[in-house]
Amino acid sequence: MAEQTAPPVIRDGTPPKPDAAVVRDALGVGVAVGLSGFAFGVTSAGSGLSVLQTCLLSLLVFTGASQFALVGALAAGGNPFTAAAGAFFLGTRNAFYGLRLSQLLALPKAVRPFAAHWVIDETTAVALAQPSRRAARIGFTVTGLTLYVLWNVTTLLGALGAEALGDTAAWGLDAAGPAVFLALLAPMLKSTTERATAGLAVLLGLGLLPVLPAGVPVLAAALAAPLVLWFRGRRTGPPAPSEDSR
């Protein structure tokens, strides 16, 4: 009961945001990103997965970047276990989103297992941009519902239309998912450390594509974060001793 009656989170100096404005923004994100499910459906069917397998991925996995990583690795001839591992590690970012959103949204325990399925890049971005807990809950719910419904509908349409398009690789639709993900990620890279980590991850991923099996470069790109943090620690050096330790 305490979680349901938790006080709203109001940022200092930020006026309340009308519910209609929150819904409008959430619908905009949900519709814009949800339509890219068509590209996933086409790409997945083109990689050899059936319509049923493609739709189940969107229904049960529902994290676009991981889904594109999986079918992209399969289309490139990668080992299914390697492809699944790359998609899994890419999807672990949602667990960190969940840690932040659990405090912000403060949802009842009975609702959390269902809400967890909607913890993705877009719902997190919309929720964190809101000035209050009420607005964050509305933004999260509207974005999640809109995106989930549209993503699954367009996935089905894309999978059914894959044969009509012929060679799906020639359309370049496999780049739509990563492009959307990068467009959402780019504004979050505010510090030098964050930009350096993203840049190194891109270099590792692209540089290792010719020499590693499909799906493995995604795993190797994850090494960018500890490498940048290690280099940053070497540059700054050990912390100065405090007065008490002298």
# chains A, B, ... in the order shown; residues from 1 in each chain; ligands from 1
call {"tool": "residues_around", "arguments": {"residues": "stretch 42-49 of chain A", "least_positions_apart": "4", "cutoff": "6 Å", "atoms": "only C-alpha atoms", "output": "ChimeraX atom specification"}}
result
/A:53,71,75,158-159,162,174
call {"tool": "write_last_selection", "arguments": {"atoms": "C-alpha atoms", "output": "PDB file, in the first residue's frame"}}
result
ATOM      1  CA  GLN A  53       8.707 -17.613 -35.251  1.00  0.00           C
ATOM      2  CA  VAL A  71      17.987 -12.219 -37.084  1.00  0.00           C
ATOM      3  CA  ALA A  75      21.003 -14.066 -41.885  1.00  0.00           C
ATOM      4  CA  GLY A 158       6.311  -7.357 -42.693  1.00  0.00           C
ATOM      5  CA  ALA A 159       6.712 -11.116 -42.393  1.00  0.00           C
ATOM      6  CA  ALA A 162       8.556 -10.433 -47.311  1.00  0.00           C
ATOM      7  CA  ASP A 174      17.733  -4.444 -41.909  1.00  0.00           C
TER       8      ASP A 174
END
call {"tool": "atom_distance", "arguments": {"atom1": "atom CA of A:Ala106", "atom2": "atom CA of A:Leu90"}}
result
25.6 Å
call {"tool": "residues_around", "arguments": {"residues": "A:Leu156", "least_positions_apart": "5", "cutoff": "8 Å", "atoms": "only C-alpha atoms", "output": "list in words"}}
result
Phe38, Gly41, Val51, Thr54 and Cys55 of chain A
call {"tool": "write_last_selection", "arguments": {"atoms": "all heavy atoms", "output": "short mmCIF file (atom, residue, chain, number, x, y, z; two decimals), in the first residue's frame"}}
result
data_model
loop_
_atom_site.label_atom_id
_atom_site.label_comp_id
_atom_site.auth_asym_id
_atom_site.auth_seq_id
_atom_site.Cartn_x
_atom_site.Cartn_y
_atom_site.Cartn_z
N PHE A 38 7.70 -3.32 -39.11
CA PHE A 38 7.58 -3.86 -40.47
C PHE A 38 8.94 -4.28 -41.00
O PHE A 38 9.09 -5.35 -41.62
CB PHE A 38 6.96 -2.81 -41.39
CG PHE A 38 6.76 -3.28 -42.81
CD1 PHE A 38 5.65 -4.02 -43.17
CD2 PHE A 38 7.70 -2.97 -43.78
CE1 PHE A 38 5.48 -4.46 -44.48
CE2 PHE A 38 7.54 -3.40 -45.09
CZ PHE A 38 6.42 -4.14 -45.44
N GLY A 41 9.94 -7.52 -39.40
CA GLY A 41 9.24 -8.67 -39.96
C GLY A 41 9.83 -9.10 -41.28
O GLY A 41 10.02 -10.30 -41.54
N VAL A 51 6.88 -17.18 -40.31
CA VAL A 51 6.03 -16.08 -39.85
C VAL A 51 5.71 -16.26 -38.37
O VAL A 51 5.72 -15.29 -37.59
CB VAL A 51 4.73 -16.03 -40.68
CG1 VAL A 51 3.76 -15.01 -40.10
CG2 VAL A 51 5.04 -15.71 -42.13
N THR A 54 8.77 -15.42 -36.26
CA THR A 54 8.98 -13.97 -36.29
C THR A 54 8.02 -13.26 -35.35
O THR A 54 8.43 -12.39 -34.56
CB THR A 54 8.80 -13.44 -37.72
OG1 THR A 54 9.78 -14.03 -38.57
CG2 THR A 54 8.93 -11.93 -37.77
N CYS A 55 6.75 -13.64 -35.39
CA CYS A 55 5.75 -13.00 -34.54
C CYS A 55 5.98 -13.33 -33.07
O CYS A 55 5.77 -12.47 -32.20
CB CYS A 55 4.35 -13.44 -34.97
SG CYS A 55 3.86 -12.78 -36.58
#
call {"tool": "atom_distance", "arguments": {"atom1": "atom CA of A:Ala135", "atom2": "atom CA of A:Asn152"}}
result
25.6 Å
call {"tool": "closest_residue", "arguments": {"among": "A:Ser66, A:Ala76, A:Val33, A:Gly91", "to": "A:Leu209", "atoms": "only C-alpha atoms"}}
result
A:Ala76
call {"tool": "closest_residue", "arguments": {"among": "A:Gly37, A:Pro113, A:Pro80, A:Pro18", "to": "A:Leu57", "atoms": "only C-alpha atoms"}}
result
A:Gly37
call {"tool": "residues_around", "arguments": {"residues": "A:Ile120", "least_positions_apart": "6", "cutoff": "9 Å", "atoms": "only C-alpha atoms", "output": "PyMOL selection string"}}
result
chain A and resi 62-64+91+93-94+97-98+144
call {"tool": "residues_around", "arguments": {"residues": "A:Glu122", "least_positions_apart": "5", "cutoff": "9 Å", "atoms": "only C-alpha atoms", "output": "mmCIF file with C-alpha atoms, in the first residue's frame"}}
result
data_model
loop_
_atom_site.group_PDB
_atom_site.id
_atom_site.type_symbol
_atom_site.label_atom_id
_atom_site.label_comp_id
_atom_site.auth_asym_id
_atom_site.auth_seq_id
_atom_site.Cartn_x
_atom_site.Cartn_y
_atom_site.Cartn_z
ATOM 1 C CA VAL A 29 7.190 7.991 -29.923
ATOM 2 C CA GLY A 30 5.071 4.841 -29.941
ATOM 3 C CA VAL A 33 9.033 3.510 -33.576
ATOM 4 C CA ALA A 127 9.203 8.144 -18.591
ATOM 5 C CA PHE A 140 5.391 4.775 -19.767
ATOM 6 C CA THR A 143 4.273 4.488 -25.004
ATOM 7 C CA GLY A 144 4.432 0.819 -24.034
ATOM 8 C CA LEU A 147 4.494 0.524 -29.305
ATOM 9 C CA PHE A 181 18.083 2.679 -31.719
ATOM 10 C CA LEU A 184 17.311 7.388 -29.430
#
call {"tool": "select_by_dssp", "arguments": {"residues": "stretch 11-237 of chain A", "states": "helix (DSSP H, G or I)", "output": "ChimeraX atom specification"}}
result
/A:19-34,37-46,51-61,64-75,80-91,93-105,112-116,121-128,133-165,168-171,173-188,192-207,216-221,224-236
call {"tool": "atom_distance", "arguments": {"atom1": "atom CA of A:Ala95", "atom2": "atom CA of A:Gly233"}}
result
26.2 Å
call {"tool": "residues_around", "arguments": {"residues": "A:Val22", "least_positions_apart": "6", "cutoff": "9 Å", "atoms": "only C-alpha atoms", "output": "list in words"}}
result
Val126, Gln130, Ala135, Ala136, Ile138, Gly139 and Val142 of chain A
call {"tool": "residues_around", "arguments": {"residues": "A:Phe88", "least_positions_apart": "4", "cutoff": "10 Å", "atoms": "only C-alpha atoms", "output": "list in words"}}
result
Val61, Ser66, Gln67, Ala69, Leu70, Thr82, Ala83, Ala84, Thr92, Arg93 and Leu219 of chain A
call {"tool": "write_last_selection", "arguments": {"atoms": "C-alpha atoms", "output": "mmCIF file, in the first residue's frame"}}
result
data_model
loop_
_atom_site.group_PDB
_atom_site.id
_atom_site.type_symbol
_atom_site.label_atom_id
_atom_site.label_comp_id
_atom_site.auth_asym_id
_atom_site.auth_seq_id
_atom_site.Cartn_x
_atom_site.Cartn_y
_atom_site.Cartn_z
ATOM 1 C CA VAL A 61 11.072 -10.749 -26.620
ATOM 2 C CA SER A 66 18.088 -7.436 -29.717
ATOM 3 C CA GLN A 67 15.619 -8.837 -32.229
ATOM 4 C CA ALA A 69 20.783 -8.468 -33.748
ATOM 5 C CA LEU A 70 19.459 -12.021 -33.592
ATOM 6 C CA THR A 82 26.138 -17.178 -30.797
ATOM 7 C CA ALA A 83 23.346 -15.100 -32.306
ATOM 8 C CA ALA A 84 21.149 -15.709 -29.258
ATOM 9 C CA THR A 92 20.532 -6.824 -20.618
ATOM 10 C CA ARG A 93 20.487 -3.037 -20.791
ATOM 11 C CA LEU A 219 29.692 -9.194 -27.670
#
